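Asker: Please find protein-v1.cif (mmCIF, C-alpha atoms) on the next line:
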```cif
data_structure
loop_
_atom_site.label_atom_id
_atom_site.label_comp_id
_atom_site.auth_asym_id
_atom_site.auth_seq_id
_atom_site.Cartn_x
_atom_site.Cartn_y
_atom_site.Cartn_z
CA MET A 1 76.75 -128.07 90.91
CA LYS A 2 73.10 -128.00 89.91
CA ILE A 3 72.48 -129.40 86.44
CA LEU A 4 71.01 -127.00 83.89
CA ALA A 5 67.48 -127.86 82.85
CA ILE A 6 68.05 -128.26 79.13
CA THR A 7 66.68 -130.82 76.73
CA GLY A 8 67.90 -131.79 73.31
CA PRO A 9 71.26 -132.80 71.87
CA LEU A 10 74.34 -131.32 73.49
CA THR A 11 77.54 -130.56 71.63
CA LYS A 12 80.76 -128.85 72.67
CA ALA A 13 80.43 -127.14 76.07
CA ARG A 14 81.81 -123.76 77.07
CA HIS A 15 82.41 -121.90 80.28
CA GLN A 16 79.96 -119.14 81.22
CA ARG A 17 79.59 -116.70 84.09
CA CYS A 18 76.16 -115.53 85.16
CA CYS A 19 75.63 -111.80 84.67
CA GLU A 20 73.48 -111.59 87.81
CA CYS A 21 75.39 -113.64 90.39
CA ASP A 22 78.80 -114.22 88.73
CA LEU A 23 78.65 -118.00 89.12
CA LEU A 24 80.99 -119.91 86.80
CA PHE A 25 79.47 -123.02 85.23
CA THR A 26 79.65 -125.14 82.11
CA LEU A 27 77.09 -124.25 79.47
CA PRO A 28 76.28 -126.80 76.76
CA SER A 29 75.93 -125.70 73.17
CA LEU A 30 72.24 -125.09 72.51
CA THR A 31 69.97 -125.24 69.52
CA ARG A 32 67.82 -122.31 68.44
CA ASN A 33 64.79 -123.20 70.58
CA GLN A 34 66.63 -124.12 73.78
CA ALA A 35 67.03 -121.91 76.84
CA ALA A 36 69.45 -122.14 79.76
CA TYR A 37 69.23 -120.81 83.32
CA CYS A 38 71.84 -120.13 85.95
CA PRO A 39 71.92 -123.05 88.44
CA ARG A 40 72.38 -120.67 91.38
CA CYS A 41 70.13 -117.63 90.89
CA ASN A 42 67.93 -119.00 88.06
CA ALA A 43 68.69 -116.06 85.77
CA LYS A 44 68.09 -116.73 82.09
CA VAL A 45 71.54 -117.10 80.57
CA VAL A 46 70.46 -118.03 77.05
CA ASN A 47 67.12 -117.10 75.52
CA GLY A 48 65.49 -119.94 73.63
CA ARG A 49 63.44 -117.67 71.38
CA ASP A 50 65.12 -116.61 68.17
CA TRP A 51 63.76 -115.03 64.99
CA SER A 52 65.91 -114.78 61.91
CA MET A 53 67.17 -111.36 60.83
CA THR A 54 65.00 -111.64 57.72
CA ARG A 55 61.86 -111.92 59.83
CA LEU A 56 62.98 -109.21 62.26
CA THR A 57 63.73 -106.87 59.36
CA ALA A 58 60.32 -107.54 57.80
CA VAL A 59 58.65 -106.74 61.12
CA ALA A 60 60.75 -103.57 61.48
CA VAL A 61 59.66 -102.37 58.03
CA THR A 62 56.03 -103.07 58.91
CA MET A 63 56.39 -101.10 62.14
CA LEU A 64 57.88 -98.15 60.26
CA LEU A 65 54.95 -98.18 57.83
CA LEU A 66 52.43 -98.26 60.70
CA MET A 67 54.06 -95.49 62.75
CA PRO A 68 52.89 -92.43 60.72
CA PHE A 69 49.26 -93.55 61.09
CA ALA A 70 49.53 -94.78 64.69
CA PHE A 71 51.26 -91.61 65.91
CA SER A 72 49.54 -88.83 63.97
CA GLU A 73 46.00 -90.06 63.31
CA PRO A 74 43.23 -90.10 65.99
CA LEU A 75 43.37 -92.86 68.59
CA ILE A 76 40.26 -91.72 70.46
CA SER A 77 37.48 -89.36 69.38
CA ILE A 78 34.89 -87.64 71.57
CA ARG A 79 31.91 -85.35 71.06
CA LEU A 80 32.16 -82.45 73.49
CA LEU A 81 29.71 -79.53 73.44
CA GLY A 82 28.60 -80.53 69.94
CA THR A 83 32.14 -80.65 68.59
CA LYS A 84 34.11 -83.72 67.60
CA ILE A 85 37.60 -83.78 69.10
CA ASN A 86 40.31 -86.21 68.09
CA ALA A 87 43.21 -87.27 70.27
CA SER A 88 46.44 -88.54 68.77
CA LEU A 89 49.73 -89.42 70.34
CA LEU A 90 51.57 -86.52 68.69
CA GLU A 91 48.82 -84.06 69.59
CA GLY A 92 49.07 -84.94 73.28
CA ILE A 93 52.83 -84.50 73.28
CA TRP A 94 52.47 -81.17 71.47
CA GLN A 95 49.90 -79.96 74.00
CA MET A 96 52.22 -80.85 76.89
CA SER A 97 55.09 -79.00 75.27
CA SER A 98 53.11 -75.94 74.23
CA GLN A 99 51.68 -75.50 77.73
CA GLY A 100 55.12 -74.94 79.17
CA ASP A 101 56.57 -78.35 80.02
CA PRO A 102 58.74 -79.59 77.14
CA PHE A 103 60.79 -81.79 79.49
CA THR A 104 57.80 -83.88 80.53
CA ALA A 105 56.65 -83.99 76.90
CA SER A 106 60.07 -85.28 75.87
CA MET A 107 59.77 -88.15 78.39
CA VAL A 108 56.47 -89.24 76.82
CA ALA A 109 57.83 -88.73 73.29
CA PHE A 110 60.92 -90.86 73.91
CA CYS A 111 59.03 -93.80 75.47
CA THR A 112 56.24 -93.88 72.87
CA ILE A 113 57.89 -92.62 69.67
CA GLY A 114 61.66 -92.38 70.06
CA ALA A 115 62.35 -95.83 71.51
CA PRO A 116 60.07 -97.82 69.12
CA LEU A 117 61.43 -95.85 66.15
CA THR A 118 65.00 -96.53 67.28
CA LEU A 119 64.21 -100.24 67.58
CA SER A 120 62.94 -100.45 64.00
CA LEU A 121 65.79 -98.40 62.55
CA SER A 122 68.36 -100.41 64.50
CA LEU A 123 67.11 -103.68 63.05
CA LEU A 124 67.30 -102.20 59.56
CA TYR A 125 70.82 -100.99 60.31
CA LEU A 126 71.85 -104.50 61.35
CA TRP A 127 70.44 -105.95 58.13
CA PHE A 128 72.06 -103.46 55.74
CA GLY A 129 75.11 -102.80 57.89
CA HIS A 130 76.09 -106.46 57.92
CA ALA A 131 75.83 -106.61 54.13
CA LEU A 132 77.98 -103.46 53.81
CA GLY A 133 80.56 -104.54 56.38
CA MET A 134 79.74 -101.76 58.86
CA ASN A 135 80.43 -101.76 62.62
CA LEU A 136 77.36 -103.27 64.29
CA ARG A 137 78.62 -103.24 67.89
CA PRO A 138 77.12 -99.86 68.97
CA VAL A 139 73.67 -100.88 67.71
CA LEU A 140 73.76 -104.27 69.42
CA LEU A 141 74.82 -102.63 72.69
CA MET A 142 72.03 -100.07 72.40
CA LEU A 143 69.39 -102.72 71.75
CA GLU A 144 70.27 -104.38 75.07
CA ARG A 145 69.35 -101.18 76.94
CA LEU A 146 66.44 -100.15 74.74
CA LYS A 147 64.00 -102.83 75.85
CA GLU A 148 63.07 -101.09 79.11
CA TRP A 149 62.07 -97.86 77.37
CA ILE A 150 59.59 -99.09 74.74
CA MET A 151 56.24 -98.44 76.40
CA LEU A 152 53.60 -98.70 73.69
CA ASP A 153 51.73 -101.31 75.75
CA ILE A 154 51.60 -99.00 78.78
CA TYR A 155 50.33 -96.15 76.61
CA LEU A 156 47.55 -98.48 75.44
CA ILE A 157 46.42 -98.95 79.05
CA GLY A 158 46.66 -95.18 79.41
CA MET A 159 44.14 -94.84 76.59
CA VAL A 160 41.68 -97.01 78.52
CA VAL A 161 42.13 -94.92 81.68
CA ALA A 162 41.75 -91.65 79.75
CA ALA A 163 38.62 -92.91 78.02
CA ILE A 164 37.02 -93.78 81.36
CA LYS A 165 37.86 -90.36 82.78
CA VAL A 166 36.57 -88.51 79.72
CA LYS A 167 33.26 -90.38 79.58
CA GLU A 168 32.05 -88.15 82.44
CA TYR A 169 32.10 -85.20 80.05
CA ALA A 170 31.53 -86.59 76.54
CA ASP A 171 30.71 -89.56 74.34
CA ILE A 172 33.70 -91.65 73.25
CA GLU A 173 34.38 -93.58 70.08
CA PRO A 174 37.53 -95.31 68.77
CA GLY A 175 39.72 -93.32 66.42
CA SER A 176 40.77 -94.28 62.91
CA ALA A 177 44.35 -95.06 64.00
CA LEU A 178 43.48 -97.42 66.86
CA ILE A 179 43.86 -100.57 64.74
CA ALA A 180 47.24 -99.37 63.46
CA TYR A 181 48.37 -98.62 67.00
CA LEU A 182 47.24 -102.03 68.27
CA ALA A 183 49.13 -103.72 65.43
CA LEU A 184 52.23 -101.63 66.15
CA THR A 185 52.10 -102.51 69.85
CA LEU A 186 51.71 -106.21 69.11
CA LEU A 187 54.59 -106.22 66.63
CA SER A 188 56.88 -104.38 69.06
CA LEU A 189 56.11 -106.88 71.83
CA LEU A 190 56.74 -109.84 69.54
CA THR A 191 60.01 -108.27 68.38
CA LEU A 192 61.23 -107.76 71.95
CA ILE A 193 60.27 -111.34 72.86
CA HIS A 194 61.92 -113.00 69.86
CA MET A 195 64.91 -110.68 69.39
CA ASN A 196 67.75 -112.86 70.69
CA LEU A 197 70.74 -110.57 71.16
CA GLU A 198 73.03 -113.39 72.24
CA GLN A 199 72.38 -115.13 68.94
CA MET A 200 73.03 -111.87 67.09
CA TRP A 201 76.38 -111.45 68.80
CA GLU A 202 77.27 -115.03 67.91
CA ARG A 203 76.14 -114.48 64.33
CA TYR A 204 78.02 -111.23 63.70
CA TYR A 205 80.99 -111.50 66.09
CA PRO A 206 81.65 -115.18 66.90
CA GLN A 207 84.36 -115.87 69.50
CA GLU A 208 86.43 -118.92 70.18
CA GLN A 209 86.36 -120.57 73.61
CA PRO A 210 89.12 -118.75 75.57
CA GLU A 211 92.02 -120.86 76.76
CA GLY A 212 93.25 -120.48 80.32
CA LYS A 213 92.13 -121.01 83.87
CA PRO A 214 88.31 -120.93 84.01
CA GLU A 215 88.42 -119.23 87.42
CA ALA A 216 90.06 -116.19 85.80
CA LEU A 217 87.26 -115.67 83.28
CA HIS A 218 85.17 -112.49 83.48
CA VAL A 219 81.70 -111.82 82.12
CA CYS A 220 80.96 -108.69 80.11
CA LEU A 221 77.71 -107.11 81.27
CA ALA A 222 77.32 -105.30 77.96
CA CYS A 223 77.20 -108.34 75.63
CA HIS A 224 77.24 -111.24 78.17
CA PHE A 225 80.42 -112.76 76.73
CA THR A 226 82.56 -114.78 79.14
CA GLY A 227 86.27 -114.57 78.45
CA PHE A 228 89.48 -112.65 79.07
CA GLN A 229 90.23 -108.99 78.49
CA ASP A 230 92.09 -107.98 75.37
CA GLU A 231 95.35 -106.04 75.52
CA ARG A 232 93.41 -102.80 76.13
CA GLY A 233 91.30 -104.23 78.96
CA ARG A 234 88.18 -104.52 76.80
CA CYS A 235 85.76 -107.28 76.00
CA PRO A 236 87.06 -108.96 72.82
CA ARG A 237 83.53 -109.17 71.39
CA CYS A 238 81.91 -105.78 72.04
CA HIS A 239 85.02 -103.69 72.92
CA VAL A 240 83.46 -102.36 76.14
CA PRO A 241 85.88 -102.19 79.12
CA MET A 242 85.61 -105.46 81.02
CA CYS A 243 85.74 -104.97 84.80
CA HIS A 244 85.44 -107.31 87.77
CA ARG A 245 82.47 -105.18 88.95
CA GLN A 246 80.73 -102.20 87.39
CA PRO A 247 82.70 -99.03 88.30
CA TYR A 248 80.87 -96.71 90.70
CA SER A 249 77.77 -98.90 90.60
CA LEU A 250 76.75 -98.17 94.20
CA GLN A 251 77.53 -94.47 93.95
CA LYS A 252 75.43 -94.00 90.82
CA THR A 253 72.58 -96.08 92.22
CA TRP A 254 72.56 -94.12 95.49
CA ALA A 255 72.63 -90.80 93.63
CA ALA A 256 69.71 -91.73 91.38
CA LEU A 257 67.71 -93.21 94.25
CA ILE A 258 68.16 -90.24 96.58
CA ALA A 259 67.22 -87.82 93.79
CA ALA A 260 64.12 -89.92 93.04
CA MET A 261 63.12 -89.94 96.72
CA VAL A 262 63.38 -86.15 96.87
CA LEU A 263 61.34 -85.73 93.69
CA LEU A 264 58.61 -88.11 94.88
CA ILE A 265 57.70 -85.68 97.69
CA PRO A 266 56.40 -82.83 95.45
CA ALA A 267 55.19 -85.44 92.94
CA ASN A 268 52.69 -86.74 95.50
CA LEU A 269 51.85 -83.50 97.32
CA LEU A 270 51.34 -81.16 94.35
CA PRO A 271 48.47 -81.50 91.84
CA ILE A 272 49.29 -83.64 88.83
CA SER A 273 46.23 -82.59 86.81
CA VAL A 274 43.96 -79.53 86.74
CA VAL A 275 40.47 -79.45 85.20
CA TYR A 276 38.54 -76.23 84.50
CA ALA A 277 34.79 -76.87 84.24
CA ASN A 278 32.37 -73.92 83.93
CA GLY A 279 34.92 -71.61 85.50
CA ALA A 280 35.60 -73.88 88.49
CA ARG A 281 39.13 -75.18 89.04
CA MET A 282 39.46 -78.80 90.19
CA GLU A 283 42.88 -80.15 91.12
CA ASP A 284 43.88 -83.79 91.54
CA THR A 285 46.97 -85.23 93.12
CA ILE A 286 48.04 -88.76 92.17
CA PHE A 287 46.23 -90.26 95.13
CA SER A 288 43.07 -88.13 94.84
CA GLY A 289 42.85 -89.13 91.17
CA VAL A 290 42.82 -92.78 92.23
CA VAL A 291 40.11 -92.04 94.80
CA SER A 292 38.02 -90.25 92.15
CA LEU A 293 38.22 -93.27 89.85
CA ALA A 294 37.22 -95.58 92.72
CA ASN A 295 34.28 -93.36 93.76
CA SER A 296 32.98 -93.29 90.18
CA GLY A 297 32.69 -97.08 90.20
CA ASN A 298 35.83 -97.90 88.21
CA MET A 299 37.56 -100.00 90.84
CA PRO A 300 39.63 -102.14 88.40
CA ILE A 301 41.02 -99.05 86.65
CA ALA A 302 41.56 -97.32 90.00
CA ALA A 303 43.51 -100.36 91.16
CA ILE A 304 45.70 -100.32 88.04
CA VAL A 305 46.48 -96.61 88.45
CA PHE A 306 47.14 -97.04 92.18
CA ILE A 307 49.54 -99.92 91.57
CA ALA A 308 51.36 -98.16 88.69
CA SER A 309 51.52 -94.63 90.13
CA VAL A 310 51.61 -95.12 93.91
CA LEU A 311 52.53 -98.66 94.90
CA VAL A 312 55.24 -99.35 92.29
CA PRO A 313 57.35 -96.17 92.79
CA PHE A 314 57.42 -96.50 96.58
CA THR A 315 58.00 -100.25 96.38
CA LYS A 316 60.97 -99.66 94.08
CA VAL A 317 62.45 -97.16 96.53
CA ILE A 318 62.02 -99.54 99.49
CA VAL A 319 63.43 -102.53 97.60
CA LEU A 320 66.44 -100.56 96.38
CA LEU A 321 67.11 -99.26 99.89
CA VAL A 322 66.99 -102.81 101.25
CA LEU A 323 69.33 -104.07 98.53
CA LEU A 324 71.81 -101.23 98.94
CA PHE A 325 71.97 -101.55 102.72
CA SER A 326 72.33 -105.33 102.45
CA ILE A 327 75.30 -104.81 100.13
CA HIS A 328 76.91 -102.24 102.42
CA PHE A 329 76.44 -104.43 105.50
CA LYS A 330 77.50 -107.57 103.59
CA THR A 331 74.34 -109.49 104.47
CA SER A 332 74.51 -113.08 103.23
CA HIS A 333 70.94 -114.15 104.04
CA SER A 334 68.01 -114.48 101.59
CA LEU A 335 70.16 -113.93 98.53
CA LYS A 336 67.70 -115.57 96.15
CA THR A 337 64.84 -113.55 97.60
CA ARG A 338 66.74 -110.31 97.06
CA ILE A 339 67.62 -111.14 93.47
CA ARG A 340 63.95 -111.96 92.81
CA LEU A 341 62.97 -108.57 94.24
CA LEU A 342 65.45 -106.86 91.95
CA ARG A 343 64.01 -108.64 88.92
CA LEU A 344 60.49 -107.70 90.04
CA VAL A 345 61.21 -103.97 90.30
CA THR A 346 63.08 -104.14 86.99
CA TRP A 347 59.96 -105.49 85.30
CA VAL A 348 57.30 -103.31 86.95
CA GLY A 349 59.23 -100.03 87.07
CA ARG A 350 58.28 -98.89 83.57
CA TRP A 351 54.55 -99.08 84.38
CA SER A 352 54.84 -95.98 86.53
CA MET A 353 54.83 -93.89 83.34
CA LEU A 354 51.10 -94.65 83.03
CA ASP A 355 50.01 -91.38 84.69
CA LEU A 356 52.00 -89.22 82.26
CA PHE A 357 50.50 -91.05 79.30
CA VAL A 358 46.99 -90.49 80.65
CA ILE A 359 47.72 -86.78 81.10
CA SER A 360 49.03 -86.52 77.54
CA LEU A 361 45.84 -88.01 76.12
CA MET A 362 43.55 -85.97 78.37
CA MET A 363 45.24 -82.73 77.31
CA SER A 364 44.51 -83.43 73.65
CA LEU A 365 40.91 -84.50 74.35
CA ILE A 366 39.69 -81.82 76.74
CA ASN A 367 40.87 -78.38 75.72
CA ARG A 368 37.90 -76.09 75.22
CA ASP A 369 39.40 -72.86 76.63
CA GLN A 370 37.79 -71.75 79.89
CA LEU A 371 34.50 -73.61 79.49
CA LEU A 372 36.12 -77.01 79.89
CA SER A 373 39.84 -77.67 79.74
CA PHE A 374 42.41 -80.05 81.12
CA THR A 375 46.05 -79.30 81.87
CA MET A 376 48.80 -80.99 83.81
CA GLY A 377 49.88 -79.80 87.21
CA PRO A 378 53.40 -79.15 88.49
CA ALA A 379 53.67 -82.67 89.93
CA ALA A 380 53.88 -84.23 86.45
CA PHE A 381 57.49 -83.17 85.90
CA TYR A 382 58.59 -84.33 89.34
CA PHE A 383 56.81 -87.66 88.98
CA GLY A 384 58.17 -88.36 85.51
CA SER A 385 61.70 -87.48 86.59
CA ALA A 386 61.42 -89.76 89.64
CA VAL A 387 60.25 -92.66 87.47
CA ILE A 388 63.15 -92.20 85.04
CA LEU A 389 65.65 -92.02 87.91
CA THR A 390 64.36 -95.19 89.57
CA ILE A 391 64.62 -97.06 86.25
CA LEU A 392 68.21 -95.84 85.91
CA ALA A 393 68.98 -96.76 89.51
CA VAL A 394 67.92 -100.35 88.88
CA GLN A 395 69.95 -100.51 85.66
CA TRP A 396 73.07 -99.10 87.35
CA LEU A 397 73.01 -101.53 90.27
CA ASP A 398 75.41 -104.40 89.67
CA SER A 399 73.46 -107.36 91.05
CA ARG A 400 76.66 -109.38 91.49
CA LEU A 401 77.46 -107.18 94.49
CA ILE A 402 74.53 -108.82 96.30
CA TRP A 403 76.23 -112.22 96.03
CA ASP A 404 79.70 -111.02 96.98
CA ALA A 405 78.77 -111.22 100.66
CA HIS A 406 78.70 -115.00 100.38
CA ALA A 407 82.28 -116.12 100.81
CA THR A 408 82.03 -119.61 99.32
CA GLY A 409 81.31 -120.77 95.81
CA ASN A 410 78.59 -123.26 96.79
CA ALA A 411 75.27 -123.23 94.99
CA GLU A 412 73.31 -123.71 98.23
CA TYR A 413 71.83 -120.33 99.12
CA ALA A 414 69.14 -119.28 101.50
CA ASP A 415 65.72 -118.59 100.11
#
```
Once you've parsed the file, please lay out its structure as structure tokens.
Answerer:
Amino acid sequence: MKILAITGPLTKARHQRCCECDLLFTLPSLTRNQAAYCPRCNAKVVNGRDWSMTRLTAVAVTMLLLMPFAFSEPLISIRLLGTKINASLLEGIWQMSSQGDPFTASMVAFCTIGAPLTLSLSLLYLWFGHALGMNLRPVLLMLERLKEWIMLDIYLIGMVVAAIKVKEYADIEPGSALIAYLALTLLSLLTLIHMNLEQMWERYYPQEQPEGKPEALHVCLACHFTGFQDERGRCPRCHVPMCHRQPYSLQKTWAALIAAMVLLIPANLLPISVVYANGARMEDTIFSGVVSLANSGNMPIAAIVFIASVLVPFTKVIVLLVLLFSIHFKTSHSLKTRIRLLRLVTWVGRWSMLDLFVISLMMSLINRDQLLSFTMGPAAFYFGSAVILTILAVQWLDSRLIWDAHATGNAEYAD
């Protein structure tokens, strides 16, 4: 078996199964700053970064104090037709909702307000809940899934894209809340990097090394604990049902992927934005918007939008199709390559929300009735729904099914 690349003093070892490939190996006891990787698929088994709950709680309080300013005060200001117009995050969401698309507005609201707010409140709950003896398991389980949905950094890129688009019509200046928003984004990123959920589970719900045959151990995908089921078939640490493989993983992934593929058709054919300028109506699809940015000399921004809104969604669909068919046909070649592709689409999938964030900002900046106004087209709902479904499809796919095609337990796998 490949030796784990870990430095530092080792103490009592324990058995661990990888959540991504199901390999059973011996994991040494690690100090706070040490990390461990699966010797077969190179998945990170233990995160070496760890902030204390005191520091995480202090950051959460700071984020809560910044949120009212970052969300409600102006992020960008323009002078249009002699009038100063301010654009805030809440104003853009309100404009999307008031113009007849509350579902799309709710997608933007959850990723930019709901998820960061939930993160801060959850950390406060852990701090006070532990002192009061409350059940912390639901919050810890939620934090594991919440990371993919906090998109303040993507919204920041959306501000840059919106500012470049608006400069054709007006002068731009930074808003009073921009510093607060930048600080909030930085703090959220640092929290996600240094929030070590494995250490939290060990701190609040420590478990003894299970006794029995190591080959019979199962890994819980919810809290990553390796052990045996309790008398009710649950994980003894998080109380989530512990199964050999995720129930209906392929069925749910196929359903979400097929629905996303159907929605991507109108998302790319219908206009995603509509601009009224001096009585003339100008419509842009996703692709024509990229072309307009490129023709105006903003090639770097056009490339970012093209990658996030065109290349990433279709790449995710193709990769998921390849993975699903390889599982169904029990293909045992290029296993490491396929797991790397799955990790790639997991990381880049959230960036597809960039277009919706740009639309939200543009709607709050350019809204001067019939003289000059900006509104979203029908493609926005389809596109946002497709992005959400592809993110869910990746989350629902049990990556261990990819490795099941390999009959042996060797660590030598094709690249």
Asker: Please evaluate the PyMOL selection byres ((chain A and resi 152) around 12) against the displayed coordinates and give the resulting residues as a PyMOL selection string.
Answerer: chain A and resi 67+70-71+89+108-117+147-151+153-159+181-189+192+350-351+353-354+357
Asker: To verify the selection step, state as JSON, numbers by chain which residues the PyMOL selection byres ((chain A and resi 249) around 12) yields on this input.
Answerer: {"A": [243, 244, 245, 246, 247, 248, 250, 251, 252, 253, 254, 255, 256, 324, 327, 392, 393, 394, 395, 396, 397, 398, 399, 400, 401, 402]}
Asker: Find the residues of segment 212-287 of chain A that sit at most 9 Å from segment 385-391 of chain A; for each, write down the nearest two atoms and how far apart they are in Å, to one decimal. Count only C-alpha atoms. Sort by chain, then by number going up, and give it as a Markdown table.
Answerer:
```
| residue | atom | partner | partner_atom | distance |
| --- | --- | --- | --- | --- |
| A:Thr253 | CA | A:Thr390 | CA | 8.7 |
| A:Ala256 | CA | A:Leu389 | CA | 5.3 |
| A:Leu257 | CA | A:Thr390 | CA | 6.1 |
| A:Ala259 | CA | A:Ala386 | CA | 7.4 |
| A:Ala260 | CA | A:Ala386 | CA | 4.3 |
| A:Met261 | CA | A:Ala386 | CA | 7.3 |
| A:Val262 | CA | A:Ala386 | CA | 8.3 |
| A:Leu263 | CA | A:Ala386 | CA | 5.7 |
| A:Leu264 | CA | A:Ala386 | CA | 6.2 |
| A:Ala267 | CA | A:Ala386 | CA | 8.3 |
```
Asker: On this file, the PyMOL selection byres ((chain A and resi 341) around 10) gives some set of residues; write that set as a list in words.
Answerer: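 Going through the file, the PyMOL selection byres ((chain A and resi 341) around 10) ends up selecting Thr315, Lys316, Val319, Leu320, Val322, Leu323, Leu335, Lys336, Thr337, Arg338, Ile339, Arg340, Leu342, Arg343, Leu344, Val345, Thr346 and Trp347 of chain A.
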Asker: Ranking A:Leu123, A:Val45, A:Thr62, A:Trp403 by minimum distance to Val219 of chain A and counting all atoms listed in the file, which one comes first?
Answerer: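 Ranked by minimum distance to Val219 of chain A, first place goes to A:Val45.
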Asker: What's the 9 Å shell around Glu198 of chain A, counting all atoms listed in the file, without same-chain residues fewer than 5 positions away, as a list of chain:residue names?
Answerer: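 Skipping anything fewer than 5 positions along the chain leaves A:Val46, A:Asn47, A:Arg203, A:Cys223, A:His224, A:Phe225.
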Asker: From the set A:Pro39, A:Gly384, A:Pro214, A:Gly92, which residue has the shortest atom-to-atom contact distance to Ile359 of chain A, counting all atoms listed in the file?
Answerer: A:Gly92
Asker: Give the answer as one residue: which of A:Trp94, A:Tyr125, A:Tyr276, A:Tyr205 has the shortest atom-to-atom distance to Ile366 of chain A, using all atoms listed in the file?
Answerer: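 Ranked by minimum distance to Ile366 of chain A, first place goes to A:Tyr276.
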Asker: Nearest to Leu126 of chain A: which of A:Ser364, A:Thr31, A:Thr104, A:Thr57 is it, counting all atoms listed in the file?
Answerer: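 For Leu126 of chain A, the nearest of the given residues is A:Thr57.
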Asker: Pick from A:Met142, A:His15, A:Asp171, A:Arg237: nearest to Gly212 of chain A, with all atoms listed in the file counted?
Answerer: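 Residue with the minimum atom-to-atom distance to Gly212 of chain A: A:His15.
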Asker: Using all atoms listed in the file, find the one residue out of A:Ser120, A:Gln199, A:Met363, A:Gly175 that sits nearest to Leu30 of chain A.
Answerer: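 Distance minimum relative to Leu30 of chain A lands on A:Gln199.
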Asker: Report, in Å with one decimal, the straight-line distance from atom CA of Cys235 of chain A to atom CA of Trp51 of chain A.
Answerer: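 Interatomic distance, atom CA of Cys235 of chain A to atom CA of Trp51 of chain A: 25.8 Å.
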Asker: So how far away is atom CA of His194 of chain A from atom CA of Leu141 of chain A, in Å?
Answerer: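 About the pair atom CA of Leu141 of chain A and atom CA of His194 of chain A: they are 16.8 Å apart.
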Asker: May I ask for the distance between atom CA of Thr331 of chain A and atom CA of Asp404 of chain A, given in Å to one decimal place?
Answerer: 9.3 Å
Asker: Do a neighbour search on segment 284-290 of chain A at 9 Å with only C-alpha atoms, toss out local chain neighbours closer than 3 positions, and write the hits as a list in words.
Answerer: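 Residues near the query, excluding close chain neighbours: Ala267, Asn268, Leu269, Leu270, Pro271, Ile272, Ser273, Val274, Val275, Leu293, Ala294, Asn295, Ile301, Ala302, Ala303, Val305, Phe306, Ser309, Val310, Asp355, Gly377 and Ala379 of chain A.
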